[in-house]
Amino acid sequence: MKLIPFYRQQGKNVDQYTLFLDKQTNHVYKVYNRDENNIFYWIAFALVLAIFRAVSSIHLPVFHPFAIVAYLLVGFAFSATIGTVVYKRYYRNLKEVFFTEPELSEYIKRGKKSLKIEVWITGVMFILFIFTILLFLVNYWIVWYLVNITIGFLLTILICGLPPERFRLSKESFYNEEESN
C-alpha cells in the first residue's frame with residue numbers, strides 16, 4: 001500500500017491531522033498528528049547544545065579526499081535512515097475515513113496550497129544542507145558536520161512527505177477542475 005499525503009490540518013485549538021490517499025484502492029486514511037510533550041523537545045534541545053559545546057573545538061582529521069567523501073556519505077546515510085524511520089513511525093496509526101468525491105476533491109485542492117509551502121521549505125532546507133557541507137569542507141569542523149546531519153534528518157522527513165505521486169495527484173485534480181468548469 002503506497003499512501004500519498006495530500007492534506008494537513010494544522011493550527012492552534014483545532015484537531016491536527018494528515019489525510020492520505022491510497023491510489024490503488026481510492027481509500028482515504030486519516031492520521032491524527034500527535035501533540036508531543038514539549039518537555040521532550042526541551043530535553044533534546046539541551047542535549048544537542050551540550051553535544052555541540054563538548055565537540056566545538058574538534059576538527060575532524062582528514063588525510064585523504066576519500067576520507068572526506070566517507071564522512072559525508074556516512075553522515076548522509078545516517079540522517080536519511082533516521083529521518084525515514086521517524087517519518088514512518090509518526091504516521092503509523094491510520095484510520096480509514098470516507099469522503100464523497102466532491103469532498104475529496106476539495107481537500108486535494110486545499111492541499112495544493114500547503115504543497116507549495118512545503119516545496120519552498122524543502123528547497124530552503126536543501127540550500128542549508130549544501131551550505132553546511134561547504135562550511136564543513138572549508139575547515140572540517142565537527143560542528144558543521146553535526147549540523148549537516150541534523151539538517152539532512154529534517155530534509156529527509158520533508159522529502160518523505162513529498163512523493164512524486166502527490167504532485168501527480170494535485171495535477172490530476174487541477175485538470176479535473178478545469179474540465180468541470
# chains A, B, ... in the order shown; residues from 1 in each chain; ligands from 1

$ residues_around --residues "Arg110 (chain A)" --least-positions-apart "3" --cutoff "10 Å" --atoms "only C-alpha atoms" --output "MDAnalysis selection string"
chainID A and resid 6:9 104:107 113:115 170

$ residues_around --residues "Ile58 (chain A)" --least-positions-apart "4" --cutoff "12 Å" --atoms "only C-alpha atoms" --output "count of residues only"
12

$ closest_residue --among "A:Ile43, A:Arg166, A:Thr156, A:Ile4" --to "Ala80 (chain A)" --atoms "only C-alpha atoms"
A:Thr156

$ select_by_dssp --residues "chain A" --states "strand (DSSP E)" --output "ChimeraX atom specification"
/A:3-9,17-22,27-32,95-97

$ write_last_selection --atoms "C-alpha atoms" --output "mmCIF file, in the first residue's frame"
data_model
loop_
_atom_site.group_PDB
_atom_site.id
_atom_site.type_symbol
_atom_site.label_atom_id
_atom_site.label_comp_id
_atom_site.auth_asym_id
_atom_site.auth_seq_id
_atom_site.Cartn_x
_atom_site.Cartn_y
_atom_site.Cartn_z
ATOM 1 C CA LEU A 3 -0.012 6.188 0.676
ATOM 2 C CA ILE A 4 0.062 9.739 -0.663
ATOM 3 C CA PRO A 5 -0.194 12.541 1.907
ATOM 4 C CA PHE A 6 -2.386 15.190 0.310
ATOM 5 C CA TYR A 7 -3.776 17.398 3.079
ATOM 6 C CA ARG A 8 -2.675 18.543 6.532
ATOM 7 C CA GLN A 9 -4.944 20.270 9.017
ATOM 8 C CA TYR A 17 -4.359 15.555 11.202
ATOM 9 C CA THR A 18 -2.980 14.403 7.876
ATOM 10 C CA LEU A 19 -5.015 12.770 5.121
ATOM 11 C CA PHE A 20 -3.500 10.046 2.949
ATOM 12 C CA LEU A 21 -4.850 8.542 -0.261
ATOM 13 C CA ASP A 22 -4.193 5.004 -1.409
ATOM 14 C CA HIS A 27 -9.310 4.623 0.207
ATOM 15 C CA VAL A 28 -8.612 7.694 2.320
ATOM 16 C CA TYR A 29 -6.880 7.430 5.680
ATOM 17 C CA LYS A 30 -6.576 9.951 8.469
ATOM 18 C CA VAL A 31 -3.758 10.141 10.983
ATOM 19 C CA TYR A 32 -4.094 12.474 13.923
ATOM 20 C CA LYS A 95 -7.867 5.225 10.375
ATOM 21 C CA GLU A 96 -9.961 4.912 7.247
ATOM 22 C CA VAL A 97 -12.326 7.811 6.593
#

$ select_by_dssp --residues "chain A" --states "alpha helix (DSSP H)" --output "short mmCIF file (atom, residue, chain, number, x, y, z; two decimals) with N, CA, C and O atoms, in the first residue's frame"
data_model
loop_
_atom_site.label_atom_id
_atom_site.label_comp_id
_atom_site.auth_asym_id
_atom_site.auth_seq_id
_atom_site.Cartn_x
_atom_site.Cartn_y
_atom_site.Cartn_z
N ASN A 38 6.16 18.93 25.15
CA ASN A 38 7.21 19.94 24.95
C ASN A 38 8.45 19.67 25.80
O ASN A 38 9.54 20.10 25.44
N ILE A 39 8.30 18.95 26.89
CA ILE A 39 9.46 18.63 27.73
C ILE A 39 10.46 17.80 26.94
O ILE A 39 11.67 18.01 27.05
N PHE A 40 9.96 16.88 26.12
CA PHE A 40 10.84 16.06 25.29
C PHE A 40 11.70 16.94 24.38
O PHE A 40 12.90 16.73 24.23
N TYR A 41 11.09 17.96 23.76
CA TYR A 41 11.82 18.83 22.86
C TYR A 41 12.85 19.68 23.60
O TYR A 41 13.96 19.89 23.11
N TRP A 42 12.52 20.15 24.79
CA TRP A 42 13.48 20.94 25.57
C TRP A 42 14.66 20.08 26.01
O TRP A 42 15.81 20.53 25.99
N ILE A 43 14.39 18.85 26.40
CA ILE A 43 15.48 17.94 26.79
C ILE A 43 16.37 17.64 25.58
O ILE A 43 17.60 17.66 25.68
N ALA A 44 15.75 17.36 24.44
CA ALA A 44 16.52 17.08 23.22
C ALA A 44 17.34 18.31 22.82
O ALA A 44 18.51 18.19 22.44
N PHE A 45 16.75 19.50 22.92
CA PHE A 45 17.46 20.73 22.58
C PHE A 45 18.66 20.93 23.50
O PHE A 45 19.77 21.26 23.04
N ALA A 46 18.47 20.72 24.81
CA ALA A 46 19.56 20.87 25.77
C ALA A 46 20.66 19.84 25.50
O ALA A 46 21.85 20.14 25.57
N LEU A 47 20.26 18.62 25.15
CA LEU A 47 21.22 17.56 24.84
C LEU A 47 22.05 17.92 23.60
O LEU A 47 23.27 17.76 23.59
N VAL A 48 21.38 18.41 22.57
CA VAL A 48 22.09 18.81 21.35
C VAL A 48 23.06 19.95 21.64
O VAL A 48 24.21 19.94 21.19
N LEU A 49 22.63 20.94 22.41
CA LEU A 49 23.53 22.05 22.78
C LEU A 49 24.73 21.54 23.56
O LEU A 49 25.87 22.00 23.33
N ALA A 50 24.51 20.62 24.47
CA ALA A 50 25.61 20.06 25.26
C ALA A 50 26.59 19.31 24.36
O ALA A 50 27.82 19.45 24.51
N ILE A 51 26.08 18.54 23.42
CA ILE A 51 26.96 17.81 22.49
C ILE A 51 27.75 18.79 21.63
O ILE A 51 28.96 18.64 21.46
N PHE A 52 27.08 19.81 21.10
CA PHE A 52 27.77 20.80 20.26
C PHE A 52 28.85 21.52 21.05
O PHE A 52 29.94 21.77 20.55
N ARG A 53 28.56 21.87 22.31
CA ARG A 53 29.55 22.57 23.13
C ARG A 53 30.73 21.65 23.44
O ARG A 53 31.88 22.08 23.43
N ALA A 54 30.46 20.37 23.67
CA ALA A 54 31.52 19.42 24.00
C ALA A 54 32.47 19.18 22.83
O ALA A 54 33.66 18.94 23.03
N PRO A 65 41.22 12.70 0.35
CA PRO A 65 39.88 13.08 -0.16
C PRO A 65 38.82 11.99 0.02
O PRO A 65 37.65 12.29 0.21
N PHE A 66 39.25 10.73 -0.03
CA PHE A 66 38.29 9.64 0.18
C PHE A 66 37.73 9.67 1.60
O PHE A 66 36.59 9.28 1.82
N ALA A 67 38.53 10.14 2.56
CA ALA A 67 38.05 10.25 3.95
C ALA A 67 36.93 11.29 4.03
O ALA A 67 35.93 11.08 4.73
N ILE A 68 37.08 12.39 3.31
CA ILE A 68 36.03 13.42 3.30
C ILE A 68 34.74 12.85 2.73
O ILE A 68 33.66 13.02 3.31
N VAL A 69 34.86 12.17 1.60
CA VAL A 69 33.69 11.57 0.97
C VAL A 69 33.06 10.54 1.90
O VAL A 69 31.83 10.47 2.03
N ALA A 70 33.89 9.76 2.57
CA ALA A 70 33.37 8.74 3.50
C ALA A 70 32.62 9.40 4.65
O ALA A 70 31.52 8.95 5.02
N TYR A 71 33.18 10.47 5.23
CA TYR A 71 32.49 11.20 6.30
C TYR A 71 31.12 11.68 5.83
O TYR A 71 30.12 11.51 6.51
N LEU A 72 31.10 12.30 4.66
CA LEU A 72 29.85 12.85 4.14
C LEU A 72 28.83 11.75 3.84
O LEU A 72 27.64 11.90 4.14
N LEU A 73 29.27 10.65 3.24
CA LEU A 73 28.35 9.56 2.92
C LEU A 73 27.79 8.90 4.18
O LEU A 73 26.60 8.57 4.23
N VAL A 74 28.64 8.71 5.18
CA VAL A 74 28.17 8.11 6.43
C VAL A 74 27.16 9.03 7.10
O VAL A 74 26.10 8.59 7.56
N GLY A 75 27.44 10.33 7.13
CA GLY A 75 26.51 11.29 7.72
C GLY A 75 25.20 11.34 6.97
O GLY A 75 24.12 11.36 7.57
N PHE A 76 25.28 11.32 5.63
CA PHE A 76 24.06 11.34 4.82
C PHE A 76 23.25 10.07 5.02
O PHE A 76 22.03 10.13 5.19
N ALA A 77 23.90 8.93 5.02
CA ALA A 77 23.19 7.65 5.22
C ALA A 77 22.53 7.61 6.59
O ALA A 77 21.38 7.18 6.73
N PHE A 78 23.24 8.08 7.60
CA PHE A 78 22.70 8.09 8.96
C PHE A 78 21.47 8.99 9.05
O PHE A 78 20.42 8.59 9.55
N SER A 79 21.58 10.22 8.55
CA SER A 79 20.46 11.16 8.65
C SER A 79 19.27 10.71 7.80
O SER A 79 18.12 10.84 8.22
N ALA A 80 19.53 10.14 6.63
CA ALA A 80 18.43 9.67 5.77
C ALA A 80 17.71 8.48 6.40
O ALA A 80 16.48 8.40 6.37
N THR A 81 18.45 7.58 6.99
CA THR A 81 17.84 6.41 7.62
C THR A 81 17.00 6.81 8.83
O THR A 81 15.85 6.39 8.95
N ILE A 82 17.56 7.63 9.69
CA ILE A 82 16.83 8.06 10.89
C ILE A 82 15.60 8.90 10.49
O ILE A 82 14.52 8.73 11.06
N GLY A 83 15.75 9.77 9.51
CA GLY A 83 14.62 10.59 9.05
C GLY A 83 13.49 9.75 8.50
O GLY A 83 12.31 10.00 8.79
N THR A 84 13.81 8.74 7.72
CA THR A 84 12.79 7.86 7.15
C THR A 84 12.08 7.06 8.24
O THR A 84 10.85 6.93 8.22
N VAL A 85 12.84 6.55 9.20
CA VAL A 85 12.24 5.78 10.29
C VAL A 85 11.31 6.67 11.13
O VAL A 85 10.20 6.25 11.46
N VAL A 86 11.75 7.87 11.43
CA VAL A 86 10.92 8.79 12.23
C VAL A 86 9.64 9.14 11.47
O VAL A 86 8.56 9.15 12.05
N TYR A 87 9.74 9.40 10.17
CA TYR A 87 8.56 9.73 9.37
C TYR A 87 7.54 8.58 9.39
O TYR A 87 6.35 8.79 9.60
N LYS A 88 8.03 7.36 9.18
CA LYS A 88 7.13 6.20 9.14
C LYS A 88 6.50 5.92 10.51
O LYS A 88 5.34 5.53 10.59
N ARG A 89 7.25 6.12 11.57
CA ARG A 89 6.71 5.88 12.91
C ARG A 89 5.68 6.93 13.28
O ARG A 89 4.74 6.64 14.01
N TYR A 90 5.86 8.14 12.81
CA TYR A 90 4.94 9.22 13.15
C TYR A 90 3.56 9.00 12.55
O TYR A 90 2.55 9.32 13.16
N GLU A 101 -16.88 12.20 -3.43
CA GLU A 101 -15.93 12.68 -4.45
C GLU A 101 -15.71 14.20 -4.37
O GLU A 101 -14.57 14.66 -4.43
N PRO A 102 -16.78 15.02 -4.23
CA PRO A 102 -16.56 16.47 -4.12
C PRO A 102 -15.76 16.85 -2.86
O PRO A 102 -14.92 17.75 -2.91
N GLU A 103 -16.02 16.16 -1.75
CA GLU A 103 -15.27 16.45 -0.52
C GLU A 103 -13.79 16.13 -0.71
O GLU A 103 -12.92 16.91 -0.31
N LEU A 104 -13.53 14.98 -1.30
CA LEU A 104 -12.15 14.58 -1.54
C LEU A 104 -11.45 15.58 -2.46
O LEU A 104 -10.31 15.99 -2.19
N SER A 105 -12.12 16.00 -3.52
CA SER A 105 -11.53 16.99 -4.43
C SER A 105 -11.26 18.31 -3.72
O SER A 105 -10.24 18.95 -3.98
N GLU A 106 -12.13 18.69 -2.82
CA GLU A 106 -11.93 19.94 -2.07
C GLU A 106 -10.70 19.83 -1.16
O GLU A 106 -9.90 20.77 -1.07
N TYR A 107 -10.53 18.71 -0.50
CA TYR A 107 -9.35 18.51 0.35
C TYR A 107 -8.07 18.51 -0.49
O TYR A 107 -7.06 19.07 -0.09
N ILE A 108 -8.11 17.88 -1.65
CA ILE A 108 -6.94 17.86 -2.54
C ILE A 108 -6.62 19.28 -2.99
O ILE A 108 -5.47 19.69 -3.03
N LYS A 109 -7.64 20.05 -3.31
CA LYS A 109 -7.45 21.43 -3.74
C LYS A 109 -6.84 22.27 -2.61
O LYS A 109 -5.90 23.03 -2.83
N ARG A 110 -7.33 22.09 -1.40
CA ARG A 110 -6.76 22.81 -0.25
C ARG A 110 -5.33 22.35 0.01
O ARG A 110 -4.49 23.14 0.45
N GLY A 111 -5.06 21.08 -0.25
CA GLY A 111 -3.73 20.55 -0.04
C GLY A 111 -2.70 21.12 -0.99
O GLY A 111 -1.50 21.10 -0.70
N LYS A 112 -3.13 21.64 -2.15
CA LYS A 112 -2.21 22.25 -3.11
C LYS A 112 -1.51 23.47 -2.51
O LYS A 112 -0.35 23.71 -2.77
N LYS A 113 -2.24 24.23 -1.70
CA LYS A 113 -1.65 25.42 -1.07
C LYS A 113 -0.52 25.03 -0.13
O LYS A 113 0.54 25.63 -0.15
N SER A 114 -0.75 24.01 0.68
CA SER A 114 0.29 23.58 1.60
C SER A 114 1.43 22.90 0.85
O SER A 114 2.58 22.95 1.29
N LEU A 115 1.14 22.30 -0.31
CA LEU A 115 2.18 21.67 -1.11
C LEU A 115 3.21 22.71 -1.56
O LEU A 115 4.41 22.47 -1.49
N LYS A 116 2.73 23.85 -2.01
CA LYS A 116 3.65 24.91 -2.44
C LYS A 116 4.55 25.35 -1.29
O LYS A 116 5.75 25.52 -1.47
N ILE A 117 3.96 25.52 -0.11
CA ILE A 117 4.74 25.93 1.06
C ILE A 117 5.77 24.86 1.42
O ILE A 117 6.93 25.17 1.69
N GLU A 118 5.36 23.61 1.39
CA GLU A 118 6.28 22.52 1.72
C GLU A 118 7.42 22.42 0.73
O GLU A 118 8.56 22.11 1.10
N VAL A 119 7.14 22.66 -0.55
CA VAL A 119 8.20 22.63 -1.56
C VAL A 119 9.20 23.75 -1.29
O VAL A 119 10.43 23.55 -1.38
N TRP A 120 8.71 24.94 -0.96
CA TRP A 120 9.61 26.06 -0.65
C TRP A 120 10.47 25.75 0.57
O TRP A 120 11.69 25.99 0.56
N ILE A 121 9.86 25.23 1.63
CA ILE A 121 10.61 24.90 2.84
C ILE A 121 11.65 23.83 2.54
O ILE A 121 12.80 23.91 3.00
N THR A 122 11.28 22.84 1.75
CA THR A 122 12.24 21.79 1.37
C THR A 122 13.39 22.37 0.56
O THR A 122 14.55 22.00 0.77
N GLY A 123 13.10 23.30 -0.33
CA GLY A 123 14.15 23.96 -1.11
C GLY A 123 15.11 24.74 -0.22
O GLY A 123 16.33 24.67 -0.39
N VAL A 124 14.57 25.46 0.74
CA VAL A 124 15.43 26.22 1.66
C VAL A 124 16.28 25.27 2.49
O VAL A 124 17.48 25.51 2.70
N MET A 125 15.67 24.19 2.96
CA MET A 125 16.44 23.21 3.75
C MET A 125 17.54 22.56 2.91
O MET A 125 18.63 22.31 3.40
N PHE A 126 17.26 22.32 1.63
CA PHE A 126 18.28 21.75 0.75
C PHE A 126 19.45 22.72 0.58
O PHE A 126 20.61 22.31 0.60
N ILE A 127 19.14 24.00 0.42
CA ILE A 127 20.20 25.01 0.30
C ILE A 127 21.03 25.06 1.58
O ILE A 127 22.27 25.11 1.53
N LEU A 128 20.37 25.00 2.75
CA LEU A 128 21.11 24.97 4.02
C LEU A 128 21.95 23.71 4.13
O LEU A 128 23.08 23.75 4.65
N PHE A 129 21.43 22.60 3.65
CA PHE A 129 22.17 21.33 3.66
C PHE A 129 23.46 21.46 2.86
O PHE A 129 24.54 21.10 3.32
N ILE A 130 23.35 22.00 1.65
CA ILE A 130 24.53 22.18 0.80
C ILE A 130 25.49 23.19 1.44
O ILE A 130 26.72 22.99 1.43
N PHE A 131 24.95 24.26 2.00
CA PHE A 131 25.77 25.29 2.64
C PHE A 131 26.59 24.71 3.80
O PHE A 131 27.77 25.01 3.94
N THR A 132 25.96 23.86 4.63
CA THR A 132 26.70 23.27 5.74
C THR A 132 27.75 22.27 5.26
O THR A 132 28.79 22.12 5.89
N ILE A 133 27.49 21.61 4.14
CA ILE A 133 28.53 20.74 3.56
C ILE A 133 29.73 21.58 3.15
O ILE A 133 30.89 21.23 3.43
N LEU A 134 29.46 22.69 2.49
CA LEU A 134 30.56 23.57 2.06
C LEU A 134 31.32 24.12 3.26
O LEU A 134 32.56 24.19 3.23
N LEU A 135 30.61 24.53 4.31
CA LEU A 135 31.30 25.02 5.51
C LEU A 135 32.16 23.92 6.14
O LEU A 135 33.27 24.18 6.61
N PHE A 136 31.66 22.70 6.13
CA PHE A 136 32.45 21.58 6.65
C PHE A 136 33.69 21.36 5.79
O PHE A 136 34.79 21.12 6.31
N LEU A 137 33.53 21.46 4.48
CA LEU A 137 34.67 21.23 3.59
C LEU A 137 35.73 22.32 3.71
O LEU A 137 36.90 22.09 3.39
N VAL A 138 35.35 23.50 4.18
CA VAL A 138 36.32 24.59 4.33
C VAL A 138 37.24 24.33 5.51
O VAL A 138 38.45 24.55 5.41
N ASN A 139 36.68 23.89 6.66
CA ASN A 139 37.55 23.77 7.83
C ASN A 139 37.44 22.46 8.61
O ASN A 139 38.07 22.31 9.65
N ILE A 142 33.78 19.76 13.27
CA ILE A 142 32.77 18.73 13.52
C ILE A 142 31.38 19.32 13.78
O ILE A 142 30.37 18.67 13.50
N VAL A 143 31.32 20.54 14.26
CA VAL A 143 30.01 21.17 14.49
C VAL A 143 29.26 21.32 13.18
O VAL A 143 28.06 21.05 13.10
N TRP A 144 29.95 21.73 12.10
CA TRP A 144 29.28 21.84 10.80
C TRP A 144 28.82 20.47 10.31
O TRP A 144 27.78 20.34 9.68
N TYR A 145 29.61 19.47 10.61
CA TYR A 145 29.25 18.10 10.24
C TYR A 145 27.97 17.66 10.95
O TYR A 145 27.06 17.11 10.34
N LEU A 146 27.89 17.94 12.25
CA LEU A 146 26.71 17.56 13.03
C LEU A 146 25.49 18.38 12.63
O LEU A 146 24.37 17.86 12.57
N VAL A 147 25.69 19.66 12.34
CA VAL A 147 24.58 20.49 11.85
C VAL A 147 24.10 19.95 10.51
O VAL A 147 22.89 19.89 10.26
N ASN A 148 25.03 19.53 9.67
CA ASN A 148 24.65 18.96 8.37
C ASN A 148 23.84 17.68 8.55
O ASN A 148 22.85 17.47 7.84
N ILE A 149 24.23 16.84 9.48
CA ILE A 149 23.47 15.61 9.74
C ILE A 149 22.08 15.95 10.24
O ILE A 149 21.08 15.34 9.81
N THR A 150 21.97 16.95 11.11
CA THR A 150 20.67 17.36 11.63
C THR A 150 19.78 17.91 10.52
O THR A 150 18.60 17.55 10.41
N ILE A 151 20.33 18.75 9.67
CA ILE A 151 19.56 19.30 8.56
C ILE A 151 19.20 18.19 7.58
O ILE A 151 18.09 18.17 7.04
N GLY A 152 20.10 17.24 7.36
CA GLY A 152 19.80 16.10 6.50
C GLY A 152 18.65 15.27 7.03
O GLY A 152 17.80 14.79 6.28
N PHE A 153 18.60 15.11 8.35
CA PHE A 153 17.50 14.39 9.00
C PHE A 153 16.17 15.11 8.74
O PHE A 153 15.19 14.49 8.31
N LEU A 154 16.14 16.43 8.97
CA LEU A 154 14.92 17.20 8.74
C LEU A 154 14.54 17.22 7.26
O LEU A 154 13.36 17.12 6.91
N LEU A 155 15.54 17.33 6.39
CA LEU A 155 15.29 17.33 4.95
C LEU A 155 14.69 16.00 4.50
O LEU A 155 13.78 15.97 3.67
N THR A 156 15.16 14.91 5.06
CA THR A 156 14.62 13.58 4.72
C THR A 156 13.15 13.49 5.11
O THR A 156 12.33 12.97 4.34
N ILE A 157 12.80 13.99 6.28
CA ILE A 157 11.40 13.97 6.71
C ILE A 157 10.55 14.78 5.74
O ILE A 157 9.46 14.35 5.34
N LEU A 158 11.04 15.95 5.34
CA LEU A 158 10.29 16.78 4.39
C LEU A 158 10.13 16.09 3.04
O LEU A 158 9.06 16.12 2.44
N ILE A 159 11.19 15.46 2.57
CA ILE A 159 11.14 14.78 1.26
C ILE A 159 10.19 13.57 1.31
O ILE A 159 9.48 13.30 0.34
N CYS A 160 10.16 12.88 2.45
CA CYS A 160 9.22 11.75 2.58
C CYS A 160 7.78 12.21 2.43
O CYS A 160 6.93 11.46 1.95
N PRO A 164 6.50 11.81 -5.47
CA PRO A 164 6.08 12.25 -6.81
C PRO A 164 4.58 12.07 -7.06
O PRO A 164 3.96 12.86 -7.76
N GLU A 165 3.98 11.04 -6.44
CA GLU A 165 2.55 10.79 -6.62
C GLU A 165 1.72 11.95 -6.10
O GLU A 165 0.62 12.21 -6.59
N ARG A 166 2.23 12.65 -5.09
CA ARG A 166 1.49 13.80 -4.55
C ARG A 166 1.38 14.91 -5.59
O ARG A 166 0.34 15.55 -5.71
N PHE A 167 2.45 15.13 -6.34
CA PHE A 167 2.42 16.15 -7.39
C PHE A 167 1.47 15.74 -8.52
O PHE A 167 0.72 16.56 -9.03
N ARG A 168 1.50 14.44 -8.87
CA ARG A 168 0.58 13.95 -9.91
C ARG A 168 -0.87 14.08 -9.46
O ARG A 168 -1.74 14.45 -10.25
N LEU A 169 -1.13 13.78 -8.20
CA LEU A 169 -2.49 13.89 -7.66
C LEU A 169 -2.97 15.33 -7.73
O LEU A 169 -4.10 15.59 -8.15
N SER A 170 -2.13 16.28 -7.38
CA SER A 170 -2.51 17.69 -7.46
C SER A 170 -2.73 18.12 -8.89
O SER A 170 -3.65 18.88 -9.19
N LYS A 171 -1.90 17.62 -9.79
CA LYS A 171 -2.03 17.96 -11.21
C LYS A 171 -3.33 17.37 -11.78
O LYS A 171 -4.06 18.05 -12.49
N GLU A 172 -3.62 16.11 -11.46
CA GLU A 172 -4.87 15.48 -11.91
C GLU A 172 -6.08 16.24 -11.39
O GLU A 172 -7.04 16.47 -12.12
N SER A 173 -6.01 16.66 -10.14
CA SER A 173 -7.11 17.41 -9.56
C SER A 173 -7.29 18.74 -10.28
O SER A 173 -8.40 19.18 -10.51
N PHE A 174 -6.18 19.36 -10.69
CA PHE A 174 -6.24 20.62 -11.43
C PHE A 174 -6.92 20.42 -12.78
O PHE A 174 -7.79 21.20 -13.16
N TYR A 175 -6.57 19.35 -13.47
CA TYR A 175 -7.19 19.08 -14.78
C TYR A 175 -8.67 18.76 -14.62
O TYR A 175 -9.50 19.18 -15.42
N ASN A 176 -9.02 17.98 -13.60
CA ASN A 176 -10.42 17.67 -13.36
C ASN A 176 -11.22 18.92 -13.04
O ASN A 176 -12.37 19.04 -13.42
N GLU A 177 -10.58 19.86 -12.35
CA GLU A 177 -11.23 21.11 -12.01
C GLU A 177 -11.54 21.92 -13.27
O GLU A 177 -12.59 22.50 -13.42
N GLU A 178 -10.57 21.97 -14.20
CA GLU A 178 -10.76 22.72 -15.43
C GLU A 178 -11.85 22.09 -16.30
O GLU A 178 -12.63 22.80 -16.94
N GLU A 179 -11.90 20.78 -16.35
CA GLU A 179 -12.90 20.08 -17.17
C GLU A 179 -14.31 20.34 -16.67
O GLU A 179 -15.25 20.43 -17.45
N SER A 180 -14.48 20.47 -15.34
CA SER A 180 -15.82 20.67 -14.81
C SER A 180 -16.31 22.11 -14.99
O SER A 180 -17.48 22.39 -14.88
#

$ decode --residues "region 47-58 of chain A" --atoms "N, CA and C atoms" --output "CSV table (one decimal), in the first residue's frame"
chain,number,residue,atom,x,y,z
A,47,LEU,N,20.3,18.6,25.1
A,47,LEU,CA,21.2,17.6,24.8
A,47,LEU,C,22.0,17.9,23.6
A,48,VAL,N,21.4,18.4,22.6
A,48,VAL,CA,22.1,18.8,21.4
A,48,VAL,C,23.1,20.0,21.6
A,49,LEU,N,22.6,20.9,22.4
A,49,LEU,CA,23.5,22.0,22.8
A,49,LEU,C,24.7,21.5,23.6
A,50,ALA,N,24.5,20.6,24.5
A,50,ALA,CA,25.6,20.1,25.3
A,50,ALA,C,26.6,19.3,24.4
A,51,ILE,N,26.1,18.5,23.4
A,51,ILE,CA,27.0,17.8,22.5
A,51,ILE,C,27.8,18.8,21.6
A,52,PHE,N,27.1,19.8,21.1
A,52,PHE,CA,27.8,20.8,20.3
A,52,PHE,C,28.8,21.5,21.1
A,53,ARG,N,28.6,21.9,22.3
A,53,ARG,CA,29.6,22.6,23.1
A,53,ARG,C,30.7,21.6,23.4
A,54,ALA,N,30.5,20.4,23.7
A,54,ALA,CA,31.5,19.4,24.0
A,54,ALA,C,32.5,19.2,22.8
A,55,VAL,N,32.0,19.3,21.6
A,55,VAL,CA,32.8,18.9,20.4
A,55,VAL,C,33.2,20.2,19.7
A,56,SER,N,32.9,21.4,20.2
A,56,SER,CA,33.1,22.6,19.4
A,56,SER,C,34.6,22.9,19.1
A,57,SER,N,35.5,22.3,19.8
A,57,SER,CA,36.9,22.5,19.5
A,57,SER,C,37.5,21.4,18.6
A,58,ILE,N,36.7,20.4,18.2
A,58,ILE,CA,37.2,19.3,17.5
A,58,ILE,C,37.1,19.5,16.0
